[in-house]
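Data file: start.cif. Format and content: mmCIF, C-alpha atoms.
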```
data_start
#
loop_
_atom_site.label_atom_id
_atom_site.label_comp_id
_atom_site.auth_asym_id
_atom_site.auth_seq_id
_atom_site.Cartn_x
_atom_site.Cartn_y
_atom_site.Cartn_z
CA MET F 995 0.00 0.00 0.00
CA ASN F 996 2.82 2.42 0.87
CA ILE F 997 4.57 1.78 -2.46
CA PHE F 998 1.41 2.64 -4.39
CA PHE F 999 0.98 5.81 -2.34
CA LEU F 1000 4.59 6.87 -3.00
CA GLY F 1001 4.18 6.02 -6.67
CA ALA F 1002 1.04 8.15 -6.86
CA ILE F 1003 2.83 11.08 -5.21
CA ALA F 1004 5.75 10.74 -7.65
CA LEU F 1005 3.33 10.63 -10.60
CA VAL F 1006 1.45 13.73 -9.43
CA ALA F 1007 4.76 15.57 -8.84
CA TYR F 1008 5.91 14.62 -12.35
CA ILE F 1009 2.66 15.87 -13.89
CA ILE F 1010 2.87 19.17 -11.98
CA GLN F 1011 6.52 19.61 -12.99
CA THR F 1012 5.66 18.95 -16.64
CA PHE F 1013 2.77 21.41 -16.55
CA LEU F 1014 4.85 24.17 -14.92
CA GLY F 1015 7.76 23.48 -17.29
CA LEU F 1016 5.43 23.93 -20.27
CA LYS F 1017 4.17 27.20 -18.78
CA GLN F 1018 7.78 28.38 -18.45
CA ILE F 1019 8.47 27.52 -22.08
CA LYS F 1020 5.29 29.35 -23.11
CA ASN F 1021 6.47 32.38 -21.12
CA PHE F 1022 9.82 32.30 -22.95
CA ASN F 1023 8.12 31.98 -26.36
CA THR F 1024 5.79 34.91 -25.58
CA VAL F 1025 8.64 37.21 -24.50
CA TYR F 1026 10.89 36.11 -27.37
CA GLY F 1027 8.10 36.55 -29.95
CA ARG F 1028 7.29 40.05 -28.69
CA MET F 1029 10.95 41.07 -28.86
CA ARG F 1030 11.50 39.39 -32.23
CA ARG F 1031 8.80 41.56 -33.79
CA LYS F 1032 10.91 44.60 -32.78
CA GLY F 1033 14.11 43.35 -34.45
CA LYS F 1034 17.05 41.19 -33.46
CA VAL F 1035 17.10 39.41 -30.12
CA ALA F 1036 20.32 38.75 -28.24
CA ILE F 1037 19.98 35.84 -25.84
CA GLY F 1038 22.47 35.36 -23.04
CA ARG F 1039 22.51 32.41 -20.74
CA ARG F 1040 24.32 31.27 -17.70
CA PRO F 1041 23.06 27.74 -17.01
CA GLY F 1042 22.90 26.63 -13.43
CA LYS F 1043 23.00 23.11 -12.16
CA ILE F 1044 23.26 23.93 -8.47
CA ALA F 1045 23.27 27.74 -8.49
CA SER F 1046 20.39 29.56 -10.12
CA GLY F 1047 20.32 29.70 -13.89
CA THR F 1048 20.00 33.00 -15.70
CA LEU F 1049 18.55 33.80 -19.10
CA ILE F 1050 18.50 37.34 -20.48
CA LEU F 1051 16.92 38.61 -23.68
CA PHE F 1052 17.76 41.93 -25.35
CA ALA F 1053 15.72 43.41 -28.19
CA VAL F 1054 18.44 45.12 -30.24
CA ASP F 1055 17.85 47.62 -33.06
CA ALA F 1056 19.96 47.93 -36.22
CA ALA F 1057 22.34 50.38 -34.52
CA GLY F 1058 23.02 48.00 -31.62
CA LYS F 1059 20.91 49.86 -29.03
CA ILE F 1060 19.00 47.74 -26.54
CA GLY F 1061 15.32 48.66 -26.79
CA GLU F 1062 13.93 46.11 -24.35
CA SER F 1063 15.46 43.77 -21.81
CA GLU F 1064 13.98 40.92 -19.77
CA MET F 1065 15.64 38.38 -17.53
CA MET F 1066 14.65 35.07 -15.96
CA GLN F 1067 16.69 33.93 -13.00
CA GLY F 1068 16.04 31.09 -10.60
CA THR F 1069 16.51 27.47 -9.73
CA SER F 1070 12.96 26.25 -10.27
CA ILE F 1071 10.33 26.01 -12.95
CA LEU F 1072 8.48 28.83 -11.19
CA ALA F 1073 10.94 31.45 -12.51
CA ARG F 1074 9.45 33.97 -14.97
CA PHE F 1075 10.82 36.82 -17.08
CA LYS F 1076 11.04 40.24 -15.47
CA PRO F 1077 11.93 43.56 -17.17
CA LYS F 1078 15.47 44.86 -16.62
CA MET F 1079 15.13 48.55 -17.45
CA GLN F 1080 18.74 49.40 -16.54
CA PHE F 1081 19.94 47.91 -19.85
CA VAL F 1082 17.46 49.79 -22.08
CA GLY F 1083 19.22 52.42 -24.19
CA LEU F 1084 22.70 50.92 -23.83
CA ASP F 1085 24.74 49.91 -26.86
CA ILE F 1086 25.32 46.17 -26.81
CA HIS F 1087 28.75 46.69 -28.39
CA GLU F 1088 29.93 48.76 -25.41
CA LEU F 1089 29.02 46.32 -22.65
CA ALA F 1090 32.07 45.08 -20.75
CA GLU F 1091 32.82 43.60 -17.35
CA ASP F 1092 33.73 47.04 -16.00
CA HIS F 1093 30.63 48.80 -17.39
CA PRO F 1094 29.00 50.83 -14.55
CA VAL F 1095 25.58 49.21 -15.09
CA LEU F 1096 27.06 45.71 -15.02
CA LEU F 1097 29.05 46.39 -11.86
CA LYS F 1098 25.75 46.89 -10.01
CA GLU F 1099 24.48 43.44 -11.04
CA ASN F 1100 25.18 40.06 -9.45
CA LYS F 1101 27.76 37.69 -10.93
CA LEU F 1102 25.21 35.43 -12.66
CA THR F 1103 23.54 38.39 -14.39
CA ARG F 1104 26.90 39.78 -15.51
CA GLN F 1105 27.85 36.41 -17.00
CA ALA F 1106 24.53 36.12 -18.86
CA VAL F 1107 24.80 39.69 -20.22
CA LEU F 1108 28.35 39.14 -21.41
CA ASN F 1109 27.27 35.85 -23.01
CA ALA F 1110 24.47 37.68 -24.85
CA GLN F 1111 26.94 40.27 -26.09
CA LYS F 1112 29.46 37.63 -27.17
CA VAL F 1113 26.88 35.61 -29.09
CA TYR F 1114 25.42 38.77 -30.66
CA LEU F 1115 28.85 39.93 -31.86
CA GLU F 1116 29.71 36.47 -33.24
CA VAL F 1117 26.42 36.30 -35.13
CA GLU F 1118 26.97 39.84 -36.40
CA LYS F 1119 30.39 38.80 -37.78
CA GLY F 1120 28.95 35.58 -39.18
CA ASN F 1121 31.24 33.38 -37.07
CA TYR F 1122 28.78 31.88 -34.59
CA GLN F 1123 28.22 28.14 -34.40
CA GLU F 1124 26.08 26.59 -31.69
CA SER F 1125 27.96 23.96 -29.72
CA GLN F 1126 25.62 21.32 -28.35
CA PRO F 1127 26.86 19.25 -25.45
CA VAL F 1128 26.20 15.58 -26.01
CA SER F 1129 24.10 13.97 -23.28
CA PRO F 1130 25.25 10.61 -21.87
CA ALA F 1131 22.18 8.88 -23.36
CA MET F 1132 22.91 10.38 -26.78
CA ASN F 1133 26.56 9.35 -26.44
CA VAL F 1134 25.56 5.71 -25.77
CA GLY F 1135 23.31 5.75 -28.83
CA LEU F 1136 26.12 7.22 -30.91
CA GLN F 1137 28.58 4.59 -29.67
CA LEU F 1138 26.13 1.76 -30.48
CA SER F 1139 25.51 3.20 -33.93
CA MET F 1140 29.24 3.40 -34.62
CA LEU F 1141 29.73 -0.17 -33.35
CA LYS F 1142 26.94 -1.41 -35.62
CA GLN F 1143 28.51 0.38 -38.61
CA SER F 1144 31.95 -1.06 -37.93
CA ILE F 1145 30.54 -4.60 -37.63
CA GLN F 1146 28.59 -4.17 -40.88
CA THR F 1147 31.70 -2.84 -42.60
CA LYS F 1148 33.78 -5.83 -41.42
CA PHE F 1149 31.20 -8.35 -42.64
CA THR F 1150 30.78 -6.55 -45.98
CA LYS F 1151 34.53 -6.46 -46.59
CA GLY F 1152 34.90 -10.11 -45.50
CA SER F 1153 32.20 -11.37 -47.88
CA VAL F 1154 33.53 -9.51 -50.94
#
```
Same coordinates, now as structure tokens:
Amino acid sequence: MNIFFLGAIALVAYIIQTFLGLKQIKNFNTVYGRMRRKGKVAIGRRPGKIASGTLILFAVDAAGKIGESEMMQGTSILARFKPKMQFVGLDIHELAEDHPVLLKENKLTRQAVLNAQKVYLEVEKGNYQESQPVSPAMNVGLQLSMLKQSIQTKFTKGSV
């Protein structure tokens, strides 16, 4: 009886987490879509595994001026985007670690802002390539696929 009760609690927690995660994704899509209609969007991130993660979005005009800025920071799926008016009007090209506005922010926010600037400048130059970390599950699948190919290659060469 206790195992069924614990299983039911785990299932309900999973459903709630999924629902709130989808709401968070919807919140991101809404904010991103609104900013995208205004022009380019610079996205900076500072992922957090133990410390809180930070995601910042800048709506940037053709001259590089930030017209709108919103940030999501937190460790849970309850985090939502909040306006960051201190960045509005700044030139994204001029942001640096010693910028007076950045010095007033916490370390995680500074890292996310500098990441947004770095990615924006790389895209502007045409040099940006997204680097995707490979998950352990994906790595196992890749290893099995490579093993299968090598076995097939050995049998094909042996039979010819």
Shell of 12 Å around Gly1015 of chain F, all atoms listed in the file, local chain residues under 5 positions omitted, as a PDB file with C-alpha atoms, keeping the file's coordinate frame:
```pdb
ATOM      1  CA  ALA F1007       4.760  15.570  -8.840  1.00  0.00           C
ATOM      2  CA  TYR F1008       5.910  14.620 -12.350  1.00  0.00           C
ATOM      3  CA  ILE F1009       2.660  15.870 -13.890  1.00  0.00           C
ATOM      4  CA  ILE F1010       2.870  19.170 -11.980  1.00  0.00           C
ATOM      5  CA  LYS F1020       5.290  29.350 -23.110  1.00  0.00           C
ATOM      6  CA  ASN F1021       6.470  32.380 -21.120  1.00  0.00           C
ATOM      7  CA  PHE F1022       9.820  32.300 -22.950  1.00  0.00           C
ATOM      8  CA  SER F1070      12.960  26.250 -10.270  1.00  0.00           C
ATOM      9  CA  ILE F1071      10.330  26.010 -12.950  1.00  0.00           C
ATOM     10  CA  LEU F1072       8.480  28.830 -11.190  1.00  0.00           C
ATOM     11  CA  ALA F1073      10.940  31.450 -12.510  1.00  0.00           C
ATOM     12  CA  ARG F1074       9.450  33.970 -14.970  1.00  0.00           C
TER      13      ARG F1074
END
```
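Relative to atom CA of Pro1041 of chain F, atom CA of Asn1109 of chain F is found at 10.9 Å.
Shortest atom-to-atom contact with Asn1023 of chain F among F:Leu1005, F:Phe1075, F:Gln1146, F:Ala1056: F:Phe1075, counting all atoms listed in the file.
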**Asked** Near Arg1040 of chain F, counting all atoms listed in the file, which residues have an atom at most 9 Å away, once you skip same-chain residues fewer than 3 positions from it, shown as a ChimeraX atom specification?
**Response** /F:1046-1050,1102-1103,1105-1107,1109
**Residue contacts of Val1054 of chain F (10 Å, all atoms listed in the file) excluding same-chain residues fewer than 3 positions away, as a PyMOL selection string** = chain F and resi 1029-1030+1032-1036+1051+1057-1063+1082-1086+1114
**Message:** Just the number, please: distance in Å from atom CA of Leu1089 of chain F to atom CA of Ile1037 of chain F, one decimal.
**Reply:** 14.2 Å
**Prompt:** With only C-alpha atoms as the basis for distance, which of F:Ser1139, F:Asn1121, F:Gln1111, F:Gln1080 is at the shortest distance from Glu1099 of chain F?
**Reply:** F:Gln1080
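The gap separating atom CA of Gly1038 of chain F from atom CA of Val1113 of chain F is 7.5 Å, in Å to one decimal.
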**Item:** Residue among F:Val1117, F:Asn996, F:Tyr1026, F:Gln1067 lying closest to Asn1100 of chain F, counting all atoms listed in the file
**Value:** F:Gln1067
As JSON, please: the centre and edge lengths in Å, to one decimal, of an axis-aligned box enclosing every listed atom of segment 1039-1048 of chain F with 8 Å added on each side.
```
{"center_x": 22.2, "center_y": 28.1, "center_z": -14.6, "size_x": 20.3, "size_y": 25.9, "size_z": 28.3}
```
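Compared by their closest atoms to Lys1076 of chain F, and using all atoms listed in the file, the residues F:Ala1110, F:Leu1097, F:Val1025, F:Ala1045 rank with F:Val1025 nearest.
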